[in-house]
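Okay, structure first, notes after.
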Amino acid sequence: MSLEVMELSYRYGERKILENISFELQFGQFTCLIGPNGVGKTTLMRCILRLLTDYEGKICIDGKSIKDISAKQLAQQMAYIPQLHTPMFNSSVLDMTIMGTIASLPNFSSPKEKQRKIALQALEKMGLLHLKDRGFMQTSGGERQLTLIARALAQQAKILIMDEATANLDFGNRFRVLEQVKQLTKEGYCIFMTTHHIDEVLLFADKVVALQEGKKIADGRPREVVDEALMRRLYQAEVEMVGAHDGQTQICIPKRGEK
Amino acid sequence: MTRKLKENRKVFLIFLLLAVLVAAFIVSLGLGRYPIRIKEILGILGSKFFSVEPFWDSSAEDILFRVRLPRIVLACLVGASLAVAGASYQGIFQNPMASPDILGTSAGASFGAALAIMFFAQRGAIALGAFVSGMISVAFVFLVSRKTKGNRILGLVLSGIMVSSLFTAGVSYLKLVADPADQLPSITYWLMGSLASTSLNDLKFALLPMLIGIVPLFLLRWQINALTMGEEEARTMGVNTKAVRVTVILCATLVTAASVSVSGVIGWVGLVIPHLCRRMVGNNYQYLLPASLVTGALFLLCVDNISRNALSTEIPIGILTAVIGAPFFMYLLTRKEEQY
């Protein structure tokens, strides 16, 4: 079981945003997408989510093009976890989570007791059960992000696409969210996340895909792929790789005072 | 446990409002130049279902069924329709300021209706004119607001003001060229909004489009919930956003146009009532729509009672809803507590 991106290209008018990109997302793996701002990460994600369809190439889930799957079926296989945002109308954490269940409901019908149970289970998994009656906007940033993950779980999709899900979180919340995400991969979820934090990639991801000017320039295990050269190429940053956790992992820190 | 209570509290509140509405309905039947006592009202209403020995004047029965009942039922229907339409618009435009008045639906509908009054003076034509022209104005506002830069709420409101003012100008022109003997007064009076001289035919005429509009809105409550999260998020949740949005706009505009065609322009209900209900039962459309329906009916019924009883001459109801609605909205705006 996997999600495959095959020779994906996307143009916006004359401009090439994505050029001939191929990679594979495995179930039970946490894959991160890195690259500087404006490199096409969001476009790539939107293609995978089928919010954009005028691309060349193919995106397949288990060998079947996502263009041939109905919106509802797609939503039952793939869920989107957006960046933290402020909804126009506040709703309770539980209502927010129940919203995910409408993916599996026929049109013109409302969630019932069964859907409520699914939502409650999702909240329990994220450790949010005690907050279910709280207003979404009355919870902390980390709790809100976890609620959005719970909503994706309630959608009962196995592929989770996260857009910089940790971008607006404080230090503690970031890692609490990532621990939960890691736990989900162990349960067989396929998780794809865009991020600007290389530490997250090195500490948590099973695989990393790096984009530069619309082209894939690296793809593989973070330990093997992320190095001084890649950071220089991607971000024009001079970094130093430092061992941590008794040499089991590496992190990268910027060098100071040098250009 | 708390959830059960909380949910029950919302359901309980909606039923409480419904009970108040029924009580207000019966009391309203007694109010008027010719007072009818509650006992007589219950007797007359009961005699339709059971055999009751008449202990009332036959003129009481006549007034009740011919004059008051149609008008009171229509007040409830129009109030409910406008409130439900407002709440629905707010959801799919993700915009707390969306309502039939601000979106220009009312202005658009009144232009179509005024045009129809001039050329056809026929009920069906007036309604159709109101609907078509209302739809055009919503579509126009929606398209223009998408092109505006920056704040989306402001963009929608400004587009609404722009389109409203165009249609209002159109109405002014129609008034200018209308026959001052009969067309002009009828357009003018009708624009102020009035439920006076409601007949049973008005009722029959408005009921069907209102039902056709409101039922799908109720069935789409959770899809509207998802749409309040934004277009793309809703799509990734498997919602056919285009179809839902178009359906909701069509239905909300249909009920607005049906209301406008029988009662003229009654402002503020579609904005104030949904916000009041958001304060009472939260933003989940599962509860918000029923609450808006009942509260809208109750509100317009009470306002209509003032309209027909406060002074010896009738006060057009559109004037009253503005006088009551605007300050009340001010009060809602400045209060901080929030329900969810």
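We label chains A, B, ... in the order they appear in the structure tokens, count residues from 1 in each chain, and number ligands from 1 in the order shown.
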
Test item: chain A residues at most 6 Å from chain B, counting only C-alpha atoms, as a PDB file with all heavy atoms, in the first residue's frame:
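Below is the file that was written, selection_13.pdb:
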ATOM      1  N   ALA A  71     -14.926  12.155  -4.650  1.00  0.00           N
ATOM      2  CA  ALA A  71     -14.483  13.050  -3.584  1.00  0.00           C
ATOM      3  C   ALA A  71     -14.645  12.390  -2.218  1.00  0.00           C
ATOM      4  O   ALA A  71     -13.783  12.491  -1.349  1.00  0.00           O
ATOM      5  CB  ALA A  71     -15.267  14.353  -3.645  1.00  0.00           C
ATOM      6  N   LYS A  72     -15.761  11.709  -2.055  1.00  0.00           N
ATOM      7  CA  LYS A  72     -16.010  11.073  -0.768  1.00  0.00           C
ATOM      8  C   LYS A  72     -15.029   9.940  -0.496  1.00  0.00           C
ATOM      9  O   LYS A  72     -14.503   9.793   0.598  1.00  0.00           O
ATOM     10  CB  LYS A  72     -17.448  10.554  -0.716  1.00  0.00           C
ATOM     11  CG  LYS A  72     -18.410  11.632  -0.296  1.00  0.00           C
ATOM     12  CD  LYS A  72     -19.640  11.033   0.328  1.00  0.00           C
ATOM     13  CE  LYS A  72     -20.648  12.113   0.658  1.00  0.00           C
ATOM     14  NZ  LYS A  72     -20.162  13.032   1.680  1.00  0.00           N
ATOM     15  N   ALA A  75     -11.727  11.304   0.389  1.00  0.00           N
ATOM     16  CA  ALA A  75     -11.697  11.829   1.750  1.00  0.00           C
ATOM     17  C   ALA A  75     -11.627  10.710   2.784  1.00  0.00           C
ATOM     18  O   ALA A  75     -11.148  10.898   3.888  1.00  0.00           O
ATOM     19  CB  ALA A  75     -12.928  12.695   2.003  1.00  0.00           C
ATOM     20  N   PRO A  87     -10.986  29.767  12.880  1.00  0.00           N
ATOM     21  CA  PRO A  87     -12.230  29.669  12.115  1.00  0.00           C
ATOM     22  C   PRO A  87     -13.112  30.881  12.361  1.00  0.00           C
ATOM     23  O   PRO A  87     -13.008  31.529  13.408  1.00  0.00           O
ATOM     24  CB  PRO A  87     -12.891  28.400  12.652  1.00  0.00           C
ATOM     25  CG  PRO A  87     -12.230  28.098  13.940  1.00  0.00           C
ATOM     26  CD  PRO A  87     -10.896  28.779  13.949  1.00  0.00           C
ATOM     27  N   ASN A  90     -16.534  29.980  16.084  1.00  0.00           N
ATOM     28  CA  ASN A  90     -15.951  29.046  17.035  1.00  0.00           C
ATOM     29  C   ASN A  90     -16.900  27.870  17.269  1.00  0.00           C
ATOM     30  O   ASN A  90     -18.105  28.035  17.304  1.00  0.00           O
ATOM     31  CB  ASN A  90     -15.738  29.806  18.351  1.00  0.00           C
ATOM     32  CG  ASN A  90     -14.837  29.068  19.288  1.00  0.00           C
ATOM     33  OD1 ASN A  90     -14.265  28.036  18.935  1.00  0.00           O
ATOM     34  ND2 ASN A  90     -14.695  29.589  20.489  1.00  0.00           N
ATOM     35  N   SER A  91     -16.337  26.666  17.387  1.00  0.00           N
ATOM     36  CA  SER A  91     -17.196  25.548  17.766  1.00  0.00           C
ATOM     37  C   SER A  91     -16.461  24.716  18.797  1.00  0.00           C
ATOM     38  O   SER A  91     -15.276  24.907  19.037  1.00  0.00           O
ATOM     39  CB  SER A  91     -17.564  24.710  16.543  1.00  0.00           C
ATOM     40  OG  SER A  91     -16.408  24.318  15.865  1.00  0.00           O
ATOM     41  N   SER A  92     -17.169  23.783  19.425  1.00  0.00           N
ATOM     42  CA  SER A  92     -16.526  23.005  20.469  1.00  0.00           C
ATOM     43  C   SER A  92     -15.548  22.022  19.841  1.00  0.00           C
ATOM     44  O   SER A  92     -15.649  21.679  18.666  1.00  0.00           O
ATOM     45  CB  SER A  92     -17.568  22.261  21.304  1.00  0.00           C
ATOM     46  OG  SER A  92     -18.047  21.153  20.585  1.00  0.00           O
ATOM     47  N   ALA A 103     -17.251  12.773   5.994  1.00  0.00           N
ATOM     48  CA  ALA A 103     -16.662  12.180   4.789  1.00  0.00           C
ATOM     49  C   ALA A 103     -17.300  10.836   4.465  1.00  0.00           C
ATOM     50  O   ALA A 103     -17.446  10.468   3.300  1.00  0.00           O
ATOM     51  CB  ALA A 103     -15.161  12.011   4.975  1.00  0.00           C
ATOM     52  N   PHE A 108     -26.724  15.018   2.453  1.00  0.00           N
ATOM     53  CA  PHE A 108     -27.991  15.339   3.129  1.00  0.00           C
ATOM     54  C   PHE A 108     -28.213  14.554   4.403  1.00  0.00           C
ATOM     55  O   PHE A 108     -29.349  14.303   4.779  1.00  0.00           O
ATOM     56  CB  PHE A 108     -29.191  15.106   2.202  1.00  0.00           C
ATOM     57  CG  PHE A 108     -29.195  15.979   0.988  1.00  0.00           C
ATOM     58  CD1 PHE A 108     -28.975  15.449  -0.262  1.00  0.00           C
ATOM     59  CD2 PHE A 108     -29.414  17.345   1.114  1.00  0.00           C
ATOM     60  CE1 PHE A 108     -28.966  16.263  -1.387  1.00  0.00           C
ATOM     61  CE2 PHE A 108     -29.417  18.160  -0.001  1.00  0.00           C
ATOM     62  CZ  PHE A 108     -29.191  17.623  -1.257  1.00  0.00           C
ATOM     63  N   GLY A 135     -14.439  25.276  23.930  1.00  0.00           N
ATOM     64  CA  GLY A 135     -14.436  25.914  22.612  1.00  0.00           C
ATOM     65  C   GLY A 135     -13.080  25.737  21.956  1.00  0.00           C
ATOM     66  O   GLY A 135     -12.054  25.795  22.635  1.00  0.00           O
TER      67      GLY A 135
END

Next on the checklist: Show me, as a list in words, the residues that have an atom within 10 Å of Leu44 of chain A when counting only C-alpha atoms, minus same-chain residues fewer than 2 positions from it.
Outcome noted: Val5, Leu8, Ser9, Tyr10, Ile17, Leu18, Ile21, Leu33, Val39, Gly40, Lys41, Thr42, Arg46, Cys47, Ile48, Leu49, Arg50, Leu52, Tyr55, Thr194, Leu211 and Gly214 of chain A

Checklist entry - Could you name the residues that touch Arg232 of chain A at 12 Å or less, counting only C-alpha atoms, but leaving out those on the same chain fewer than 3 positions away, as a list in words? => result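 Using only C-alpha atoms, the neighbours found are Gly35, Pro36, Gln212, Val226, Asp227, Glu228, Ala229, Tyr235, Gln236, Ala237, Glu238, Val239, Glu240, Cys252, Pro254, Lys255 and Lys259 of chain A.
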
Take the residues from that selection and write them out as a PDB file, in the first residue's frame, keeping N, CA, C and O atoms.
ATOM      1  N   GLY A  35      12.186  22.387   1.878  1.00  0.00           N
ATOM      2  CA  GLY A  35      12.595  23.251   0.775  1.00  0.00           C
ATOM      3  C   GLY A  35      12.329  24.692   1.157  1.00  0.00           C
ATOM      4  O   GLY A  35      11.470  24.943   1.996  1.00  0.00           O
ATOM      5  N   PRO A  36      13.039  25.629   0.542  1.00  0.00           N
ATOM      6  CA  PRO A  36      12.841  27.036   0.899  1.00  0.00           C
ATOM      7  C   PRO A  36      11.438  27.519   0.527  1.00  0.00           C
ATOM      8  O   PRO A  36      10.713  26.859  -0.214  1.00  0.00           O
ATOM      9  N   GLN A 212      13.862  21.891  -4.614  1.00  0.00           N
ATOM     10  CA  GLN A 212      14.586  23.125  -4.902  1.00  0.00           C
ATOM     11  C   GLN A 212      14.173  23.593  -6.283  1.00  0.00           C
ATOM     12  O   GLN A 212      14.314  22.852  -7.260  1.00  0.00           O
ATOM     13  N   VAL A 226      20.220  14.406   4.718  1.00  0.00           N
ATOM     14  CA  VAL A 226      20.428  15.765   5.230  1.00  0.00           C
ATOM     15  C   VAL A 226      21.874  15.942   5.671  1.00  0.00           C
ATOM     16  O   VAL A 226      22.348  15.247   6.572  1.00  0.00           O
ATOM     17  N   ASP A 227      22.581  16.819   5.007  1.00  0.00           N
ATOM     18  CA  ASP A 227      23.951  17.117   5.428  1.00  0.00           C
ATOM     19  C   ASP A 227      24.284  18.575   5.116  1.00  0.00           C
ATOM     20  O   ASP A 227      23.431  19.331   4.630  1.00  0.00           O
ATOM     21  N   GLU A 228      25.521  18.937   5.404  1.00  0.00           N
ATOM     22  CA  GLU A 228      25.918  20.337   5.218  1.00  0.00           C
ATOM     23  C   GLU A 228      25.669  20.787   3.777  1.00  0.00           C
ATOM     24  O   GLU A 228      25.198  21.900   3.530  1.00  0.00           O
ATOM     25  N   ALA A 229      25.966  19.919   2.838  1.00  0.00           N
ATOM     26  CA  ALA A 229      25.840  20.288   1.428  1.00  0.00           C
ATOM     27  C   ALA A 229      24.387  20.561   1.058  1.00  0.00           C
ATOM     28  O   ALA A 229      24.081  21.531   0.355  1.00  0.00           O
ATOM     29  N   TYR A 235      19.040  26.125   1.460  1.00  0.00           N
ATOM     30  CA  TYR A 235      18.759  27.360   2.199  1.00  0.00           C
ATOM     31  C   TYR A 235      19.908  28.357   2.174  1.00  0.00           C
ATOM     32  O   TYR A 235      19.853  29.370   2.856  1.00  0.00           O
ATOM     33  N   GLN A 236      20.954  28.086   1.432  1.00  0.00           N
ATOM     34  CA  GLN A 236      22.170  28.910   1.468  1.00  0.00           C
ATOM     35  C   GLN A 236      22.605  29.151   2.905  1.00  0.00           C
ATOM     36  O   GLN A 236      22.951  30.259   3.311  1.00  0.00           O
ATOM     37  N   ALA A 237      22.556  28.088   3.705  1.00  0.00           N
ATOM     38  CA  ALA A 237      22.922  28.216   5.119  1.00  0.00           C
ATOM     39  C   ALA A 237      24.099  27.299   5.416  1.00  0.00           C
ATOM     40  O   ALA A 237      24.138  26.165   4.936  1.00  0.00           O
ATOM     41  N   GLU A 238      25.040  27.835   6.183  1.00  0.00           N
ATOM     42  CA  GLU A 238      26.172  27.002   6.602  1.00  0.00           C
ATOM     43  C   GLU A 238      25.823  26.354   7.928  1.00  0.00           C
ATOM     44  O   GLU A 238      25.529  27.042   8.901  1.00  0.00           O
ATOM     45  N   VAL A 239      25.794  25.041   7.938  1.00  0.00           N
ATOM     46  CA  VAL A 239      25.413  24.367   9.180  1.00  0.00           C
ATOM     47  C   VAL A 239      26.477  23.348   9.570  1.00  0.00           C
ATOM     48  O   VAL A 239      27.351  22.977   8.785  1.00  0.00           O
ATOM     49  N   GLU A 240      26.289  22.884  10.793  1.00  0.00           N
ATOM     50  CA  GLU A 240      27.185  21.869  11.304  1.00  0.00           C
ATOM     51  C   GLU A 240      26.312  20.735  11.807  1.00  0.00           C
ATOM     52  O   GLU A 240      25.329  20.972  12.494  1.00  0.00           O
ATOM     53  N   CYS A 252      21.131  19.519  13.144  1.00  0.00           N
ATOM     54  CA  CYS A 252      22.015  20.467  12.499  1.00  0.00           C
ATOM     55  C   CYS A 252      21.827  21.839  13.108  1.00  0.00           C
ATOM     56  O   CYS A 252      20.708  22.250  13.422  1.00  0.00           O
ATOM     57  N   PRO A 254      23.183  26.029  12.902  1.00  0.00           N
ATOM     58  CA  PRO A 254      23.869  26.958  12.000  1.00  0.00           C
ATOM     59  C   PRO A 254      25.241  27.343  12.544  1.00  0.00           C
ATOM     60  O   PRO A 254      25.436  27.421  13.756  1.00  0.00           O
ATOM     61  N   LYS A 255      26.174  27.528  11.628  1.00  0.00           N
ATOM     62  CA  LYS A 255      27.479  28.062  12.037  1.00  0.00           C
ATOM     63  C   LYS A 255      27.330  29.559  12.205  1.00  0.00           C
ATOM     64  O   LYS A 255      26.533  30.196  11.519  1.00  0.00           O
ATOM     65  N   LYS A 259      30.177  33.502   6.453  1.00  0.00           N
ATOM     66  CA  LYS A 259      29.229  33.586   5.338  1.00  0.00           C
ATOM     67  C   LYS A 259      29.323  32.329   4.514  1.00  0.00           C
ATOM     68  O   LYS A 259      30.411  31.888   4.192  1.00  0.00           O
TER      69      LYS A 259
END

Checklist entry - Quick one: DSSP alpha helix (DSSP H) residues in segment 23-205 of chain B, as number ranges by chain? => result B: 23-30, 38-47, 58-62, 69-92, 105-119, 123-147, 152-177, 183-191, 200-205

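The shell of residues at most 10 Å from Phe23 of chain A, with only C-alpha atoms counted and near chain neighbours (fewer than 4 positions) removed, consists of Leu3, Glu4, Val5, Met6, Glu7, Leu8, Ile59, Val209, Lys216, Asp219 and Gly220 of chain A.
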